[in-house]
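Okay, so here's the structure we're looking at.
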Amino acid sequence: MPKKLVIKVTAGADAPERCSQAFTVAAVAVASGVDVSLWLTGESAWFALPGRAAEFELPHAAPLPDLIDSVLAGGSLTLCTQCAARRDITEKDVIEGVRIAGAQVFVQEAMADGTQALVY
C-alpha cells in the first residue's frame, strides 16, 4: 500500500456523486491510517469556505462537513491557488487548517516516492 494518497477533487455540487466519492475515499483512507492530501480544485473550491459543505446534499452519502473534519483531523486539505483566485477566495476566508497552494506543490506531492494519486 502506498505511504501517501494524494486526491484531487474537481467536482462540487455540479457533480455531487463524484464529489462525494472523493471526500469519502479521503476520509476512509485517513481512518485506515493512510497519509492523505486532499486537493480542492474547480467547483470543489467552494468547500474550503466555512458553512459551504453543510449546503451540500446527496442521498445516502455521509455529510460533507463530517468528511472534511475527518480529513483535517488526520490529513491535509489544500485549495488550489488559481481556483481560489478565480473565486476571490483568500487565506483569511477559508476553514481553519486549509492551505492554499499551486500546481507545483501538487506535482511535488503526487510524484513523491510511495505516493498514489487519484483525480475525481
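By order of appearance in the C-alpha cells: chains A, B, ..., then residues from 1 within every chain, and ligands from 1 in the order shown.
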**Request:** Report the residues of segment 29-114 of chain A whose backbone DSSP state falls under alpha helix (DSSP H), written as a PyMOL selection string.
**Result:** chain A and resi 29-31+64-74+81-86+103-111
**Asked** Do you know which residues are at most 12 Å from segment 88-97 of chain A counting only C-alpha atoms, after dropping those on the same chain fewer than 4 positions away, and could you put them as an NGL selection string?
**Response** :A and (40 or 45-53 or 65 or 68-84 or 101)
Residue set, segment 21-113 of chain A restricted to strand (DSSP E), as a tab-separated table (two decimals) with N, CA, C and O atoms, in the first residue's frame:
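Result saved to result21.tsv:
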chain	number	residue	atom	x	y	z
A	35	ASP	N	-1.61	8.39	5.00
A	35	ASP	CA	-1.30	9.82	4.94
A	35	ASP	C	-2.01	10.39	3.72
A	35	ASP	O	-1.71	10.00	2.59
A	36	VAL	N	-2.98	11.27	3.93
A	36	VAL	CA	-3.83	11.78	2.85
A	36	VAL	C	-3.64	13.27	2.65
A	36	VAL	O	-3.61	14.05	3.60
A	37	SER	N	-3.55	13.64	1.38
A	37	SER	CA	-3.54	15.05	0.97
A	37	SER	C	-4.70	15.23	-0.01
A	37	SER	O	-4.67	14.67	-1.10
A	38	LEU	N	-5.72	15.96	0.40
A	38	LEU	CA	-6.90	16.19	-0.44
A	38	LEU	C	-6.83	17.61	-1.00
A	38	LEU	O	-6.68	18.57	-0.26
A	39	TRP	N	-6.93	17.69	-2.34
A	39	TRP	CA	-6.86	18.97	-3.04
A	39	TRP	C	-8.23	19.37	-3.57
A	39	TRP	O	-8.89	18.58	-4.24
A	40	LEU	N	-8.63	20.59	-3.28
A	40	LEU	CA	-9.89	21.15	-3.77
A	40	LEU	C	-9.60	22.01	-4.99
A	40	LEU	O	-8.87	23.00	-4.90
A	76	SER	N	-4.25	16.38	5.18
A	76	SER	CA	-4.17	17.79	4.83
A	76	SER	C	-5.21	18.11	3.76
A	76	SER	O	-5.60	17.25	2.97
A	77	LEU	N	-5.66	19.36	3.77
A	77	LEU	CA	-6.66	19.85	2.83
A	77	LEU	C	-6.11	21.11	2.19
A	77	LEU	O	-5.79	22.08	2.90
A	78	THR	N	-5.99	21.08	0.87
A	78	THR	CA	-5.38	22.19	0.14
A	78	THR	C	-6.33	22.72	-0.91
A	78	THR	O	-6.96	21.95	-1.64
A	79	LEU	N	-6.42	24.02	-0.99
A	79	LEU	CA	-7.21	24.71	-2.01
A	79	LEU	C	-6.26	25.21	-3.09
A	79	LEU	O	-5.24	25.85	-2.79
A	80	CYS	N	-6.58	24.89	-4.34
A	80	CYS	CA	-5.78	25.31	-5.48
A	80	CYS	C	-5.69	26.84	-5.54
A	80	CYS	O	-6.69	27.53	-5.43
A	98	VAL	N	-7.08	24.73	6.31
A	98	VAL	CA	-6.97	24.66	4.85
A	98	VAL	C	-5.83	25.55	4.40
A	98	VAL	O	-5.74	26.71	4.81
A	99	ARG	N	-4.96	25.01	3.56
A	99	ARG	CA	-3.89	25.82	2.99
A	99	ARG	C	-4.22	26.10	1.53
A	99	ARG	O	-5.00	25.37	0.90
A	100	ILE	N	-3.61	27.13	0.99
A	100	ILE	CA	-3.74	27.45	-0.43
A	100	ILE	C	-2.37	27.23	-1.07
A	100	ILE	O	-1.37	27.77	-0.59
A	101	ALA	N	-2.34	26.41	-2.12
A	101	ALA	CA	-1.07	26.11	-2.80
A	101	ALA	C	-1.37	25.81	-4.26
A	101	ALA	O	-2.50	25.51	-4.64
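Minimum distance to Leu58 of chain A across A:Arg18, A:Val34, A:Arg86, A:Ala29 (counting only C-alpha atoms) occurs at A:Arg18.
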